[in-house]
file target_7.cif (mmCIF, C-alpha atoms)
data_structure
loop_
_atom_site.label_atom_id
_atom_site.label_comp_id
_atom_site.auth_asym_id
_atom_site.auth_seq_id
_atom_site.Cartn_x
_atom_site.Cartn_y
_atom_site.Cartn_z
CA MET A 132 95.26 62.53 83.51
CA LEU A 133 96.88 61.36 86.76
CA THR A 134 99.93 60.17 84.85
CA ASN A 135 100.33 63.59 83.28
CA VAL A 136 99.89 65.33 86.62
CA ARG A 137 102.53 63.11 88.23
CA ALA A 138 104.89 63.78 85.34
CA GLU A 139 104.39 67.54 85.59
CA LEU A 140 104.84 67.54 89.36
CA ALA A 141 108.02 65.49 89.07
CA LYS A 142 109.32 67.86 86.41
CA GLN A 143 108.67 71.01 88.44
CA SER A 144 109.93 69.55 91.72
CA ARG A 145 113.28 68.87 90.08
CA ARG A 146 113.56 72.35 88.60
CA PRO A 147 115.89 74.59 90.68
CA ALA A 148 114.13 77.71 89.40
CA ALA A 149 110.89 76.70 91.13
CA TRP A 150 112.62 76.38 94.50
CA LEU A 151 114.49 79.63 93.91
CA LEU A 152 111.20 81.45 93.31
CA LEU A 153 109.83 80.04 96.57
CA ALA A 154 112.95 81.11 98.46
CA ILE A 155 112.73 84.63 97.04
CA ALA A 156 109.04 84.83 98.00
CA VAL A 157 109.84 83.85 101.58
CA VAL A 158 112.76 86.30 101.83
CA LEU A 159 110.73 89.20 100.42
CA THR A 160 107.78 88.48 102.70
CA LEU A 161 109.96 88.32 105.80
CA THR A 162 112.02 91.35 104.80
CA PHE A 163 109.12 93.72 104.14
CA GLY A 164 106.80 92.20 106.72
CA TYR A 165 109.18 91.76 109.65
CA VAL A 166 112.82 92.76 109.20
CA ILE A 167 112.27 96.36 108.07
CA PRO A 168 109.34 97.08 110.45
CA PHE A 169 111.27 95.55 113.36
CA ALA A 170 114.28 97.73 112.57
CA GLY A 171 111.94 100.71 112.56
CA LEU A 172 110.73 100.02 116.10
CA ASN A 173 113.89 101.58 117.52
CA GLY A 174 114.24 104.20 114.82
CA SER A 175 117.16 102.43 113.17
CA SER A 176 115.43 102.33 109.80
CA ARG A 177 113.59 104.94 107.76
CA ALA A 178 112.77 102.61 104.89
CA PRO A 179 109.18 102.51 103.58
CA GLY A 180 107.11 100.26 105.82
CA SER A 181 109.41 100.66 108.81
CA GLY A 182 106.74 102.50 110.79
CA ARG A 183 104.09 99.79 110.68
CA GLY A 184 104.31 99.12 114.41
CA LEU A 185 104.74 96.09 116.61
CA ALA A 186 101.13 94.89 116.35
CA THR A 187 101.52 93.95 112.68
CA MET A 188 104.39 91.58 113.50
CA LEU A 189 102.74 89.57 116.27
CA PRO A 190 101.20 86.10 115.77
CA GLU A 191 97.63 87.45 115.73
CA ALA A 192 98.44 89.44 112.56
CA ILE A 193 100.09 86.70 110.52
CA VAL A 194 97.24 86.48 107.99
CA GLY A 195 97.57 90.11 106.96
CA SER A 196 101.37 90.03 107.09
CA THR A 197 101.48 86.96 104.84
CA LEU A 198 98.97 88.25 102.30
CA GLY A 199 100.48 91.72 102.01
CA GLY A 200 103.02 90.79 99.35
CA LEU A 201 100.71 88.68 97.18
CA PRO A 202 99.18 91.43 95.00
CA VAL A 203 102.60 92.58 93.72
CA PHE A 204 105.87 90.93 94.76
CA VAL A 205 104.81 87.36 95.46
CA GLY A 206 102.21 87.62 92.69
CA ALA A 207 104.98 88.46 90.23
CA LEU A 208 106.91 85.37 91.31
CA ALA A 209 103.76 83.24 90.90
CA LEU A 210 103.39 84.62 87.38
CA VAL A 211 106.99 83.65 86.59
CA PHE A 212 106.30 80.15 87.91
CA GLY A 213 103.27 79.88 85.63
CA VAL A 214 105.35 80.96 82.64
CA LEU A 215 107.95 78.31 83.45
CA VAL A 216 105.33 75.58 83.82
CA ALA A 217 104.02 76.11 80.28
CA GLY A 218 106.62 78.18 78.48
CA SER A 219 109.57 75.85 79.08
CA GLU A 220 108.02 73.40 76.65
CA TYR A 221 108.52 76.00 73.92
CA GLY A 222 112.01 76.92 75.07
CA PHE A 223 113.22 73.31 75.17
CA GLY A 224 111.17 72.24 72.14
CA THR A 225 109.55 69.40 74.09
CA TRP A 226 105.88 69.92 73.15
CA LYS A 227 106.10 67.34 70.36
CA THR A 228 107.76 64.86 72.71
CA VAL A 229 105.01 65.32 75.30
CA LEU A 230 102.14 65.06 72.83
CA ALA A 231 103.73 62.09 71.05
CA GLN A 232 102.99 60.06 74.21
CA GLN A 233 99.29 60.29 73.21
CA PRO A 234 97.76 62.67 75.78
CA SER A 235 95.50 65.31 74.25
CA ARG A 236 96.40 68.97 74.44
CA ALA A 237 93.47 69.51 76.79
CA THR A 238 94.79 66.82 79.14
CA VAL A 239 98.30 68.28 79.15
CA HIS A 240 96.91 71.75 79.75
CA ALA A 241 94.77 70.54 82.64
CA ALA A 242 97.77 68.76 84.15
CA LYS A 243 99.77 71.99 83.99
CA LEU A 244 96.97 73.89 85.73
CA VAL A 245 96.84 71.25 88.48
CA THR A 246 100.62 71.45 88.84
CA LEU A 247 100.44 75.23 89.06
CA ALA A 248 97.70 75.07 91.71
CA THR A 249 99.70 72.54 93.71
CA GLY A 250 102.83 74.67 93.55
CA THR A 251 101.05 77.86 94.59
CA LEU A 252 99.34 76.08 97.49
CA LEU A 253 102.67 74.78 98.76
CA GLY A 254 104.14 78.25 98.33
CA VAL A 255 101.37 79.92 100.32
CA LEU A 256 101.71 77.33 103.09
CA ALA A 257 105.46 77.94 103.19
CA LEU A 258 104.83 81.67 103.54
CA PHE A 259 102.44 81.12 106.44
CA VAL A 260 104.93 78.84 108.19
CA SER A 261 107.76 81.37 107.78
CA THR A 262 105.69 84.34 108.94
CA SER A 263 104.44 82.32 111.92
CA ALA A 264 108.02 81.57 112.93
CA ALA A 265 109.02 85.21 112.47
CA SER A 266 106.09 86.42 114.56
CA VAL A 267 107.04 84.05 117.38
CA VAL A 268 110.58 85.45 117.36
CA VAL A 269 109.31 89.04 117.45
CA ALA A 270 106.84 88.31 120.25
CA SER A 271 109.54 86.54 122.27
CA VAL A 272 112.07 89.33 121.85
CA GLU A 273 109.53 92.03 122.73
CA ASN A 274 107.94 90.01 125.57
CA GLN A 275 104.51 90.15 123.97
CA PRO A 276 101.68 87.62 124.43
CA MET A 277 101.11 85.16 121.60
CA HIS A 278 97.50 85.25 120.48
CA TRP A 279 96.93 83.28 117.28
CA PRO A 280 94.16 83.75 114.73
CA GLY A 281 91.34 81.22 114.76
CA VAL A 282 91.46 78.16 112.54
CA ALA A 283 88.74 79.60 110.32
CA ASP A 284 90.71 82.83 109.83
CA LEU A 285 93.86 80.89 108.99
CA LEU A 286 92.03 78.71 106.47
CA LEU A 287 90.43 81.79 104.93
CA GLY A 288 93.84 83.44 104.64
CA VAL A 289 95.41 80.38 103.05
CA GLY A 290 92.49 80.11 100.63
CA ALA A 291 92.72 83.76 99.65
CA GLY A 292 96.47 83.52 99.18
CA TRP A 293 96.08 80.39 97.09
CA LEU A 294 93.43 82.08 94.97
CA VAL A 295 95.52 85.18 94.27
CA THR A 296 98.77 83.35 93.50
CA THR A 297 96.98 80.81 91.30
CA MET A 298 95.34 83.64 89.36
CA TRP A 299 98.70 85.27 88.67
CA GLY A 300 100.24 81.89 87.81
CA THR A 301 97.41 81.16 85.38
CA LEU A 302 98.07 84.51 83.73
CA GLY A 303 101.67 83.35 83.34
CA ILE A 304 100.49 80.19 81.59
CA LEU A 305 98.28 82.28 79.29
CA LEU A 306 101.16 84.59 78.37
CA ALA A 307 103.49 81.65 77.78
CA VAL A 308 101.01 79.86 75.53
CA GLY A 309 99.97 83.04 73.75
CA LEU A 310 103.53 84.20 73.05
CA ARG A 311 105.05 80.69 72.80
CA SER A 312 108.16 81.62 74.73
CA VAL A 313 109.52 82.29 78.23
CA ALA A 314 111.46 85.56 78.25
CA LEU A 315 108.85 87.83 76.65
CA PRO A 316 105.92 86.61 78.80
CA ILE A 317 107.99 87.08 81.96
CA GLY A 318 109.04 90.56 80.87
CA LEU A 319 105.54 91.70 79.96
CA GLY A 320 104.03 90.18 83.08
CA LEU A 321 106.54 91.84 85.39
CA VAL A 322 106.12 95.20 83.68
CA TRP A 323 102.38 94.99 84.28
CA LEU A 324 102.58 93.86 87.92
CA LEU A 325 105.51 95.97 89.09
CA ALA A 326 105.07 99.11 87.00
CA VAL A 327 101.84 99.64 85.10
CA GLN A 328 99.30 98.76 87.77
CA ASN A 329 101.23 100.75 90.41
CA LEU A 330 101.38 103.79 88.12
CA LEU A 331 97.65 103.50 87.49
CA ALA A 332 96.93 103.36 91.22
CA SER A 333 99.32 106.07 92.41
CA ILE A 334 99.26 108.57 89.53
CA ALA A 335 96.40 108.05 87.08
CA ALA A 336 93.58 107.03 89.43
CA PRO A 337 93.73 110.14 91.67
CA LEU A 338 93.60 112.38 88.58
CA LEU A 339 91.17 110.55 86.31
CA GLY A 340 87.84 109.29 87.58
CA TRP A 341 87.43 106.72 84.83
CA VAL A 342 90.81 105.16 85.71
CA ALA A 343 89.73 104.93 89.33
CA GLN A 344 86.57 103.12 88.23
CA LEU A 345 88.53 100.91 85.82
CA GLN A 346 90.73 99.74 88.67
CA LYS A 347 87.72 98.10 90.29
CA ALA A 348 87.64 95.61 87.41
CA LEU A 349 91.37 94.88 87.12
CA PRO A 350 92.99 91.78 88.67
CA GLY A 351 95.76 93.53 90.61
CA PRO A 352 93.65 96.05 92.55
CA ASN A 353 91.09 93.36 93.37
CA ALA A 354 93.85 91.07 94.64
CA GLY A 355 95.03 93.96 96.79
CA ALA A 356 91.49 94.60 98.04
CA LEU A 357 91.12 90.94 98.99
CA ALA A 358 94.39 91.07 100.93
CA ALA A 359 93.30 94.30 102.64
CA ALA A 360 89.96 92.77 103.62
CA LEU A 361 91.86 90.04 105.47
CA GLY A 362 94.13 92.38 107.39
CA ALA A 363 97.01 93.29 105.06
CA ASN A 364 98.51 96.70 105.82
CA ALA A 365 97.10 99.40 103.54
CA GLY A 366 100.56 100.95 103.20
CA THR A 367 101.88 97.86 101.41
CA PRO A 368 102.31 98.36 97.63
CA GLY A 369 99.30 97.04 95.76
CA VAL A 370 97.12 96.71 98.87
CA GLY A 371 94.04 98.94 99.17
CA GLN A 372 90.39 98.57 100.07
CA ILE A 373 89.01 99.91 96.78
CA VAL A 374 86.22 97.30 96.74
CA GLY A 375 84.72 94.92 99.27
CA GLY A 376 86.13 91.50 99.95
CA GLY A 377 83.22 89.71 98.29
CA GLN A 378 83.56 91.62 95.01
CA ALA A 379 87.33 91.21 95.08
CA THR A 380 86.97 87.45 95.48
CA ALA A 381 84.49 87.22 92.62
CA VAL A 382 86.69 89.27 90.29
CA VAL A 383 89.83 87.26 91.11
CA VAL A 384 87.96 83.98 90.55
CA GLY A 385 86.60 85.34 87.28
CA TYR A 386 90.04 86.26 85.99
CA LEU A 387 91.44 82.89 87.06
CA LEU A 388 88.76 81.08 85.05
CA VAL A 389 89.17 83.35 82.02
CA PHE A 390 92.95 82.98 82.00
CA GLY A 391 92.66 79.20 82.28
CA VAL A 392 89.99 78.82 79.58
CA VAL A 393 91.68 81.16 77.10
CA SER A 394 95.10 79.52 77.52
CA GLY A 395 93.52 76.10 76.96
CA TRP A 396 91.71 77.34 73.87
CA LEU A 397 94.90 78.86 72.44
CA LEU A 398 96.85 75.67 73.06
CA ARG A 399 94.25 73.61 71.20
CA ARG A 400 93.83 76.01 68.27
CA ARG A 401 97.38 77.15 67.56
CA ASP A 402 100.49 75.48 66.29
CA ILE A 403 102.86 74.40 69.07
CA ALA A 404 106.02 75.50 67.24
#

call {"tool": "encode", "arguments": {"input": "target_7.cif", "output": "structure tokens"}}
result
Amino acid sequence: MLTNVRAELAKQSRRPAAWLLLAIAVVLTLTFGYVIPFAGLNGSSRAPGSGRGLATMLPEAIVGSTLGGLPVFVGALALVFGVLVAGSEYGFGTWKTVLAQQPSRATVHAAKLVTLATGTLLGVLALFVSTSAASVVVASVENQPMHWPGVADLLLGVGAGWLVTTMWGTLGILLAVGLRSVALPIGLGLVWLLAVQNLLASIAAPLLGWVAQLQKALPGPNAGALAAALGANAGTPGVGQIVGGGQATAVVVGYLLVFGVVSGWLLRRRDIA
């Protein structure tokens, strides 16, 4: 098992696409969490989110600022990473080479899940470091005091971010294994995260009561509710307190486990070609 994990980690760490996804996540988080709102302080920007105010950009608000992009934008990137972790084996035709080394399919699948969890944890930590640096710059420029969240709040924020990104990444693995490809799983996953769930929340839910109730059981809205419970701005796409933080956590954990179990079952039962 450890040998397979080391092999998967080495493979992903040498893949430029993984680092590109991380860079995009950092840029998006800083752009929508700091650059646009900061430009809006002096009225130089009318872009969505530009009126969030100075308080959301100070060090004491870094947990909410970091988690705000996870339900949609960063979550979509985590899903793409999950697809690459599992789906590349189909694209390059390397499943037979991997399994010829004698590890079972269950072992390889577990190693990919561990690799995914490691990558999402490093990604969340990188986001917290970048938002912390950005908040220090904003506080210095605006001559504001630097009050930092407590250690417990920071750990809770990192844990929540890790949970949400790992859930989306595990969905990516499930789509890759289920569809045995890379392009189609990425396309379907992005359509769901960036289009369908936003249309359900903004158009269907206000009109149809059953859609509003259905949202309380879907992964995206619960990820957004978890982020909102920890301070993410309610005006951020995908963020909304539709359920409590405890229920949101339970639902996200449930989906993570279901995605992981089903993808493992499919990998064991289906042909790898």

call {"tool": "atom_distance", "arguments": {"input": "target_7.cif", "atom1": "atom CA of Phe212 of chain A", "atom2": "atom CA of Ala149 of chain A"}}
result
6.6 Å

call {"tool": "resolve_selection", "arguments": {"input": "target_7.cif", "expression": "the PyMOL selection byres ((chain A and resi 219) around 12)", "output": "PyMOL selection string"}}
result
chain A and resi 139+142-143+146+148+211-218+220-226+243+303-304+307-308+310-314+316-317

call {"tool": "atom_distance", "arguments": {"input": "target_7.cif", "atom1": "atom CA of Leu287 of chain A", "atom2": "atom CA of Glu191 of chain A"}}
result
14.2 Å

call {"tool": "atom_distance", "arguments": {"input": "target_7.cif", "atom1": "atom CA of Leu331 of chain A", "atom2": "atom CA of Gly351 of chain A"}}
result
10.6 Å

call {"tool": "residues_around", "arguments": {"input": "target_7.cif", "residues": "segment 251-266 of chain A", "least_positions_apart": "5", "cutoff": "7 Å", "atoms": "all atoms listed in the file", "output": "PyMOL selection string"}}
result
chain A and resi 153+157+161+188-190+193+197+289+292-293+296-297

call {"tool": "residues_around", "arguments": {"input": "target_7.cif", "residues": "segment 363-378 of chain A", "least_positions_apart": "2", "cutoff": "10 Å", "atoms": "all atoms listed in the file", "output": "number ranges by chain"}}
result
A: 163-164, 179-180, 182-183, 187, 192-204, 324-325, 328-329, 332-333, 343-344, 346-348, 351-361, 380-384

call {"tool": "closest_residue", "arguments": {"input": "target_7.cif", "among": "A:Val392, A:Pro350, A:Gly362, A:Val136", "to": "Thr238 of chain A", "atoms": "only C-alpha atoms"}}
result
A:Val136

call {"tool": "closest_residue", "arguments": {"input": "target_7.cif", "among": "A:Gly281, A:Gly206, A:Gly300, A:Gly290", "to": "Thr246 of chain A", "atoms": "all atoms listed in the file"}}
result
A:Gly300

call {"tool": "closest_residue", "arguments": {"input": "target_7.cif", "among": "A:Gly395, A:Pro168, A:Gly385, A:Pro147", "to": "Leu294 of chain A", "atoms": "all atoms listed in the file"}}
result
A:Gly385

call {"tool": "closest_residue", "arguments": {"input": "target_7.cif", "among": "A:Gly171, A:Pro280, A:Gly288, A:Gly391", "to": "Ala242 of chain A", "atoms": "only C-alpha atoms"}}
result
A:Gly391

call {"tool": "axis_aligned_box", "arguments": {"input": "target_7.cif", "around": "segment 141-157 of chain A", "padding_each_side": "4 Å", "output": "AutoDock Vina command-line options"}}
result
--center_x 112.0 --center_y 75.2 --center_z 94.0 --size_x 15.9 --size_y 27.3 --size_z 23.2

call {"tool": "closest_residue", "arguments": {"input": "target_7.cif", "among": "A:Ala326, A:Val268, A:Ala291, A:Arg145", "to": "Phe169 of chain A", "atoms": "all atoms listed in the file"}}
result
A:Val268

call {"tool": "decode", "arguments": {"input": "target_7.cif", "residues": "segment 274-307 of chain A", "atoms": "N, CA, C and O atoms", "output": "PDB file, in the first residue's frame"}}
result
ATOM      1  N   ASN A 274      -4.057  50.642   7.126  1.00  0.00           N
ATOM      2  CA  ASN A 274      -3.738  50.975   8.518  1.00  0.00           C
ATOM      3  C   ASN A 274      -4.745  50.396   9.508  1.00  0.00           C
ATOM      4  O   ASN A 274      -5.248  51.084  10.403  1.00  0.00           O
ATOM      5  N   GLN A 275      -5.042  49.131   9.331  1.00  0.00           N
ATOM      6  CA  GLN A 275      -5.997  48.436  10.189  1.00  0.00           C
ATOM      7  C   GLN A 275      -5.253  47.484  11.129  1.00  0.00           C
ATOM      8  O   GLN A 275      -4.195  46.946  10.776  1.00  0.00           O
ATOM      9  N   PRO A 276      -5.790  47.249  12.330  1.00  0.00           N
ATOM     10  CA  PRO A 276      -5.162  46.295  13.249  1.00  0.00           C
ATOM     11  C   PRO A 276      -5.269  44.870  12.708  1.00  0.00           C
ATOM     12  O   PRO A 276      -6.205  44.551  11.977  1.00  0.00           O
ATOM     13  N   MET A 277      -4.299  44.052  13.061  1.00  0.00           N
ATOM     14  CA  MET A 277      -4.278  42.663  12.597  1.00  0.00           C
ATOM     15  C   MET A 277      -4.679  41.736  13.735  1.00  0.00           C
ATOM     16  O   MET A 277      -3.879  41.391  14.601  1.00  0.00           O
ATOM     17  N   HIS A 278      -5.938  41.339  13.719  1.00  0.00           N
ATOM     18  CA  HIS A 278      -6.445  40.383  14.691  1.00  0.00           C
ATOM     19  C   HIS A 278      -6.671  39.063  13.962  1.00  0.00           C
ATOM     20  O   HIS A 278      -7.475  39.001  13.028  1.00  0.00           O
ATOM     21  N   TRP A 279      -5.988  38.021  14.400  1.00  0.00           N
ATOM     22  CA  TRP A 279      -6.060  36.735  13.712  1.00  0.00           C
ATOM     23  C   TRP A 279      -7.068  35.807  14.380  1.00  0.00           C
ATOM     24  O   TRP A 279      -7.295  35.906  15.583  1.00  0.00           O
ATOM     25  N   PRO A 280      -7.675  34.914  13.612  1.00  0.00           N
ATOM     26  CA  PRO A 280      -8.562  33.920  14.222  1.00  0.00           C
ATOM     27  C   PRO A 280      -7.784  33.025  15.182  1.00  0.00           C
ATOM     28  O   PRO A 280      -6.562  32.876  15.066  1.00  0.00           O
ATOM     29  N   GLY A 281      -8.486  32.400  16.103  1.00  0.00           N
ATOM     30  CA  GLY A 281      -7.845  31.470  17.017  1.00  0.00           C
ATOM     31  C   GLY A 281      -7.369  30.215  16.302  1.00  0.00           C
ATOM     32  O   GLY A 281      -7.812  29.906  15.184  1.00  0.00           O
ATOM     33  N   VAL A 282      -6.485  29.497  16.948  1.00  0.00           N
ATOM     34  CA  VAL A 282      -5.944  28.267  16.348  1.00  0.00           C
ATOM     35  C   VAL A 282      -7.062  27.280  16.056  1.00  0.00           C
ATOM     36  O   VAL A 282      -7.089  26.623  15.006  1.00  0.00           O
ATOM     37  N   ALA A 283      -8.017  27.167  16.983  1.00  0.00           N
ATOM     38  CA  ALA A 283      -9.124  26.229  16.783  1.00  0.00           C
ATOM     39  C   ALA A 283      -9.947  26.611  15.553  1.00  0.00           C
ATOM     40  O   ALA A 283     -10.364  25.743  14.769  1.00  0.00           O
ATOM     41  N   ASP A 284     -10.192  27.901  15.370  1.00  0.00           N
ATOM     42  CA  ASP A 284     -10.959  28.351  14.205  1.00  0.00           C
ATOM     43  C   ASP A 284     -10.205  28.081  12.911  1.00  0.00           C
ATOM     44  O   ASP A 284     -10.804  27.694  11.894  1.00  0.00           O
ATOM     45  N   LEU A 285      -8.887  28.293  12.934  1.00  0.00           N
ATOM     46  CA  LEU A 285      -8.083  28.016  11.746  1.00  0.00           C
ATOM     47  C   LEU A 285      -8.098  26.530  11.399  1.00  0.00           C
ATOM     48  O   LEU A 285      -8.262  26.155  10.238  1.00  0.00           O
ATOM     49  N   LEU A 286      -7.931  25.692  12.421  1.00  0.00           N
ATOM     50  CA  LEU A 286      -7.947  24.244  12.184  1.00  0.00           C
ATOM     51  C   LEU A 286      -9.312  23.793  11.678  1.00  0.00           C
ATOM     52  O   LEU A 286      -9.403  22.929  10.798  1.00  0.00           O
ATOM     53  N   LEU A 287     -10.372  24.376  12.227  1.00  0.00           N
ATOM     54  CA  LEU A 287     -11.716  24.032  11.767  1.00  0.00           C
ATOM     55  C   LEU A 287     -11.907  24.450  10.315  1.00  0.00           C
ATOM     56  O   LEU A 287     -12.497  23.712   9.519  1.00  0.00           O
ATOM     57  N   GLY A 288     -11.392  25.622   9.961  1.00  0.00           N
ATOM     58  CA  GLY A 288     -11.494  26.081   8.582  1.00  0.00           C
ATOM     59  C   GLY A 288     -10.717  25.205   7.618  1.00  0.00           C
ATOM     60  O   GLY A 288     -11.216  24.849   6.544  1.00  0.00           O
ATOM     61  N   VAL A 289      -9.495  24.835   8.003  1.00  0.00           N
ATOM     62  CA  VAL A 289      -8.698  23.947   7.160  1.00  0.00           C
ATOM     63  C   VAL A 289      -9.390  22.597   7.002  1.00  0.00           C
ATOM     64  O   VAL A 289      -9.456  22.033   5.905  1.00  0.00           O
ATOM     65  N   GLY A 290      -9.929  22.073   8.108  1.00  0.00           N
ATOM     66  CA  GLY A 290     -10.619  20.792   8.040  1.00  0.00           C
ATOM     67  C   GLY A 290     -11.840  20.838   7.146  1.00  0.00           C
ATOM     68  O   GLY A 290     -12.090  19.916   6.349  1.00  0.00           O
ATOM     69  N   ALA A 291     -12.622  21.915   7.259  1.00  0.00           N
ATOM     70  CA  ALA A 291     -13.804  22.054   6.413  1.00  0.00           C
ATOM     71  C   ALA A 291     -13.413  22.185   4.944  1.00  0.00           C
ATOM     72  O   ALA A 291     -14.031  21.570   4.066  1.00  0.00           O
ATOM     73  N   GLY A 292     -12.383  22.989   4.672  1.00  0.00           N
ATOM     74  CA  GLY A 292     -11.922  23.126   3.303  1.00  0.00           C
ATOM     75  C   GLY A 292     -11.416  21.817   2.732  1.00  0.00           C
ATOM     76  O   GLY A 292     -11.690  21.478   1.570  1.00  0.00           O
ATOM     77  N   TRP A 293     -10.676  21.088   3.544  1.00  0.00           N
ATOM     78  CA  TRP A 293     -10.171  19.774   3.115  1.00  0.00           C
ATOM     79  C   TRP A 293     -11.320  18.824   2.827  1.00  0.00           C
ATOM     80  O   TRP A 293     -11.315  18.087   1.833  1.00  0.00           O
ATOM     81  N   LEU A 294     -12.340  18.853   3.678  1.00  0.00           N
ATOM     82  CA  LEU A 294     -13.486  17.963   3.502  1.00  0.00           C
ATOM     83  C   LEU A 294     -14.216  18.263   2.203  1.00  0.00           C
ATOM     84  O   LEU A 294     -14.534  17.341   1.425  1.00  0.00           O
ATOM     85  N   VAL A 295     -14.472  19.537   1.935  1.00  0.00           N
ATOM     86  CA  VAL A 295     -15.222  19.911   0.735  1.00  0.00           C
ATOM     87  C   VAL A 295     -14.433  19.598  -0.533  1.00  0.00           C
ATOM     88  O   VAL A 295     -14.960  18.999  -1.481  1.00  0.00           O
ATOM     89  N   THR A 296     -13.156  19.984  -0.575  1.00  0.00           N
ATOM     90  CA  THR A 296     -12.369  19.733  -1.787  1.00  0.00           C
ATOM     91  C   THR A 296     -12.153  18.237  -2.016  1.00  0.00           C
ATOM     92  O   THR A 296     -12.151  17.780  -3.166  1.00  0.00           O
ATOM     93  N   THR A 297     -11.987  17.477  -0.945  1.00  0.00           N
ATOM     94  CA  THR A 297     -11.818  16.028  -1.106  1.00  0.00           C
ATOM     95  C   THR A 297     -13.100  15.394  -1.608  1.00  0.00           C
ATOM     96  O   THR A 297     -13.063  14.452  -2.414  1.00  0.00           O
ATOM     97  N   MET A 298     -14.246  15.894  -1.151  1.00  0.00           N
ATOM     98  CA  MET A 298     -15.518  15.371  -1.659  1.00  0.00           C
ATOM     99  C   MET A 298     -15.626  15.589  -3.159  1.00  0.00           C
ATOM    100  O   MET A 298     -15.960  14.668  -3.918  1.00  0.00           O
ATOM    101  N   TRP A 299     -15.347  16.824  -3.612  1.00  0.00           N
ATOM    102  CA  TRP A 299     -15.424  17.088  -5.049  1.00  0.00           C
ATOM    103  C   TRP A 299     -14.384  16.272  -5.817  1.00  0.00           C
ATOM    104  O   TRP A 299     -14.658  15.771  -6.911  1.00  0.00           O
ATOM    105  N   GLY A 300     -13.183  16.129  -5.267  1.00  0.00           N
ATOM    106  CA  GLY A 300     -12.170  15.326  -5.936  1.00  0.00           C
ATOM    107  C   GLY A 300     -12.562  13.864  -6.035  1.00  0.00           C
ATOM    108  O   GLY A 300     -12.310  13.199  -7.049  1.00  0.00           O
ATOM    109  N   THR A 301     -13.209  13.348  -4.991  1.00  0.00           N
ATOM    110  CA  THR A 301     -13.670  11.957  -5.017  1.00  0.00           C
ATOM    111  C   THR A 301     -14.767  11.774  -6.052  1.00  0.00           C
ATOM    112  O   THR A 301     -14.849  10.722  -6.696  1.00  0.00           O
ATOM    113  N   LEU A 302     -15.613  12.790  -6.218  1.00  0.00           N
ATOM    114  CA  LEU A 302     -16.598  12.733  -7.302  1.00  0.00           C
ATOM    115  C   LEU A 302     -15.884  12.670  -8.649  1.00  0.00           C
ATOM    116  O   LEU A 302     -16.323  11.947  -9.558  1.00  0.00           O
ATOM    117  N   GLY A 303     -14.787  13.404  -8.791  1.00  0.00           N
ATOM    118  CA  GLY A 303     -14.017  13.331 -10.024  1.00  0.00           C
ATOM    119  C   GLY A 303     -13.484  11.931 -10.293  1.00  0.00           C
ATOM    120  O   GLY A 303     -13.514  11.440 -11.425  1.00  0.00           O
ATOM    121  N   ILE A 304     -12.989  11.274  -9.234  1.00  0.00           N
ATOM    122  CA  ILE A 304     -12.517   9.895  -9.396  1.00  0.00           C
ATOM    123  C   ILE A 304     -13.664   8.988  -9.816  1.00  0.00           C
ATOM    124  O   ILE A 304     -13.511   8.123 -10.693  1.00  0.00           O
ATOM    125  N   LEU A 305     -14.835   9.163  -9.197  1.00  0.00           N
ATOM    126  CA  LEU A 305     -15.995   8.342  -9.549  1.00  0.00           C
ATOM    127  C   LEU A 305     -16.377   8.538 -11.010  1.00  0.00           C
ATOM    128  O   LEU A 305     -16.629   7.565 -11.737  1.00  0.00           O
ATOM    129  N   LEU A 306     -16.426   9.785 -11.476  1.00  0.00           N
ATOM    130  CA  LEU A 306     -16.777  10.040 -12.871  1.00  0.00           C
ATOM    131  C   LEU A 306     -15.739   9.451 -13.811  1.00  0.00           C
ATOM    132  O   LEU A 306     -16.081   8.894 -14.864  1.00  0.00           O
ATOM    133  N   ALA A 307     -14.461   9.568 -13.446  1.00  0.00           N
ATOM    134  CA  ALA A 307     -13.399   9.037 -14.302  1.00  0.00           C
ATOM    135  C   ALA A 307     -13.489   7.521 -14.413  1.00  0.00           C
ATOM    136  O   ALA A 307     -13.358   6.960 -15.505  1.00  0.00           O
TER     137      ALA A 307
END
